[in-house]
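Q: Okay, here's the structure, questions in a sec.
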Amino acid sequence: MKSYYVHRLESCATGEHVVIDEETQQEVTKDCTCPALVVSASGPPGPVTPHLMQWSRTELARIVAEFDRGYFDAEGSPPRRLSMFVSAFQSELLDLMERNPFAAVVRVLTQCVFDRLDFCFTTYQVSFRLMPGQWAVINLPDDGGKEITYRTATEPAGLHPQTLWERPVSDEEQQATEADIRAQVRELLTGKDGWAPADKDTTTLLDDEQAITPISLDDLAAAAAQLEEWERQDAGEAPSVRALSRTPAEIVASLLPVEPAPGPARRGGGKATSKRAGAKKRVPPAAKDKK
């Protein structure tokens, strides 16, 4: 004689693994290892000694998977393509299909997360956008009596698809998406395992929100100081200690002079002259020798 006990509920059978959720203050099952299937046998025709077997939820799921892939099938049996075990969701759909087919369709759509729905009135095709570049297309039957088919696509199907519904995107979601994309691109360009140009002399790529770093300013200041010393050597002047003692900010400011905007003419007929116009021009050493 054999007897079976199957615990089909999601809650723990013994209550040993039931805890209180801090957010909802409801009882939930966590890490339950209690037996989900218990089989007891005693003879006749079973063994004279009573026999007991039990499987936990994980072990029972593994047994179901082994049955589905044909591990216990007889030798020479065809390969399995469908599961012989029906899940709770499939049982609910089968029950809804008998009572209300439209309710079964709605139940399936609740499991499909999409943000846009398109329909082509010419080819009778419904397109659900799961994510950008990924669509689920359902071909509805027309007057020719074709069957309903399903396929995936990279764009909405049909000759003239029209958008019937689209989930609005808030400003916060748009900003979060843009920030996430910027972070991914920045990691791709400047990350540890990111892209690096083959030519090391190329300029580093910067996005429109990334400013010049202090390291870049230091490099620019060092280059400016070196150029200034070369100019003094070409002019036959002694090296300037002040040029090497200036801060990077001062050297950068000297490279990028800001001139005041031109104002109105002075009274009395005088002409406004800039300091640059009256400044002494440097003559290269070669020009001095020719004189």
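Following the order of the structure tokens, chains are lettered A, B, ..., residues in each are numbered from 1, and ligands are numbered from 1.
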Would you pick out the contacts of Arg129 of chain A at 10 Å or less, using only C-alpha atoms, so that residues sharing its chain but fewer than 3 positions from it are not included, and give the list as a ChimeraX atom specification?
A: /A:112-118,132-137,152-156,166
Q: Among segment 8-125 of chain A, which residues does DSSP mark as alpha helix (DSSP H) when it is run on the backbone? Keep the chain and numbering as in the structure and answer as a CSV table (one decimal) with C-alpha atoms, in the first residue's frame.
A:
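Below you can see result12.csv, which holds the result:
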```
chain,number,residue,atom,x,y,z
A,57,ARG,CA,11.0,21.7,-3.1
A,58,THR,CA,14.4,21.8,-4.8
A,59,GLU,CA,14.7,18.1,-5.1
A,60,LEU,CA,11.2,17.8,-6.4
A,61,ALA,CA,11.9,20.4,-9.1
A,62,ARG,CA,15.0,18.5,-10.1
A,63,ILE,CA,13.0,15.3,-10.4
A,64,VAL,CA,10.4,17.0,-12.6
A,65,ALA,CA,13.1,18.4,-14.8
A,66,GLU,CA,14.6,14.9,-15.2
A,67,PHE,CA,11.3,13.5,-16.2
A,68,ASP,CA,10.8,16.3,-18.7
A,88,ALA,CA,0.0,26.5,-11.7
A,89,PHE,CA,0.1,29.3,-14.3
A,90,GLN,CA,-0.7,26.9,-17.1
A,91,SER,CA,-3.5,25.3,-15.1
A,92,GLU,CA,-5.0,28.8,-14.5
A,93,LEU,CA,-4.8,29.6,-18.3
A,94,LEU,CA,-6.4,26.3,-19.2
A,95,ASP,CA,-9.3,27.0,-16.8
A,96,LEU,CA,-9.7,30.5,-18.1
A,97,MET,CA,-9.7,29.3,-21.7
A,98,GLU,CA,-12.7,27.1,-20.9
A,99,ARG,CA,-14.6,29.7,-19.0
A,101,PRO,CA,-11.0,33.0,-23.5
A,102,PHE,CA,-10.7,36.8,-23.5
A,103,ALA,CA,-9.8,36.7,-19.8
A,104,ALA,CA,-7.0,34.2,-20.7
A,105,VAL,CA,-5.6,36.6,-23.3
A,106,VAL,CA,-5.6,39.4,-20.7
A,107,ARG,CA,-3.9,37.1,-18.2
A,108,VAL,CA,-1.1,36.3,-20.7
A,109,LEU,CA,-0.7,40.0,-21.5
A,110,THR,CA,-0.1,40.8,-17.8
```
Q: Using DSSP assignments from the backbone, pull out every residue in segment 23-197 of chain A that falls under strand (DSSP E or B) and give it to me as JSON, numbers by chain.
A: {"A": [27, 28, 29, 37, 38, 39, 40, 41, 51, 52, 53, 54, 55, 116, 117, 118, 119, 120, 125, 126, 127, 128, 129, 130, 131, 134, 135, 136, 137, 138, 139, 149, 150, 151, 152, 153, 162, 163, 164, 165, 166]}
Q: Please measure the separation of atom CA of Val19 of chain A and atom CA of Thr33 of chain A, giving the value in Å to one decimal.
A: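 That distance, rounded to one decimal, is 14.0 Å.
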Q: For Leu82 of chain A, list every protein, DNA or RNA residue within 10 Å, evaluated using only C-alpha atoms, and leave out those in the same chain fewer than 2 positions away; present the list as a list in words.
A: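 The filter keeps Asp68, Arg69, Pro79, Arg80, Met84 and Phe85 of chain A.
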Q: Which of these residues is nearest to Glu10 of chain A, using only C-alpha atoms: A:Met53, A:Met131, A:Cys34, A:Ala224?
A: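 Closest to Glu10 of chain A, using only C-alpha atoms: A:Cys34.
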Q: Write out as a ChimeraX atom specification which residues come within 12 Å of Thr14 of chain A when counting only C-alpha atoms, dropping same-chain ones fewer than 6 positions away.
A: /A:7,29,32-36
Q: Take the residues that were just selected and, keeping C-alpha atoms, output them as an mmCIF file, in the first residue's frame.
A:
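Saved result, out36.cif, follows:
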```
data_model
loop_
_atom_site.group_PDB
_atom_site.id
_atom_site.type_symbol
_atom_site.label_atom_id
_atom_site.label_comp_id
_atom_site.auth_asym_id
_atom_site.auth_seq_id
_atom_site.Cartn_x
_atom_site.Cartn_y
_atom_site.Cartn_z
ATOM 1 C CA HIS A 7 2.248 20.153 -0.198
ATOM 2 C CA THR A 29 7.946 31.720 3.671
ATOM 3 C CA CYS A 32 11.825 26.453 3.261
ATOM 4 C CA THR A 33 13.445 22.976 3.311
ATOM 5 C CA CYS A 34 10.400 21.047 4.529
ATOM 6 C CA PRO A 35 9.359 18.066 2.380
ATOM 7 C CA ALA A 36 7.087 18.943 -0.531
#
```
Q: What does the structure give for the distance between atom CA of Arg167 of chain A and atom CA of Ser127 of chain A, in Å to one decimal?
A: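 So the answer is 14.3 Å.
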Q: Work out how far apart atom CA of Val39 of chain A and atom CA of Trp55 of chain A are and give it in Å to one decimal.
A: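 Atom CA of Val39 of chain A sits 8.9 Å away from atom CA of Trp55 of chain A.
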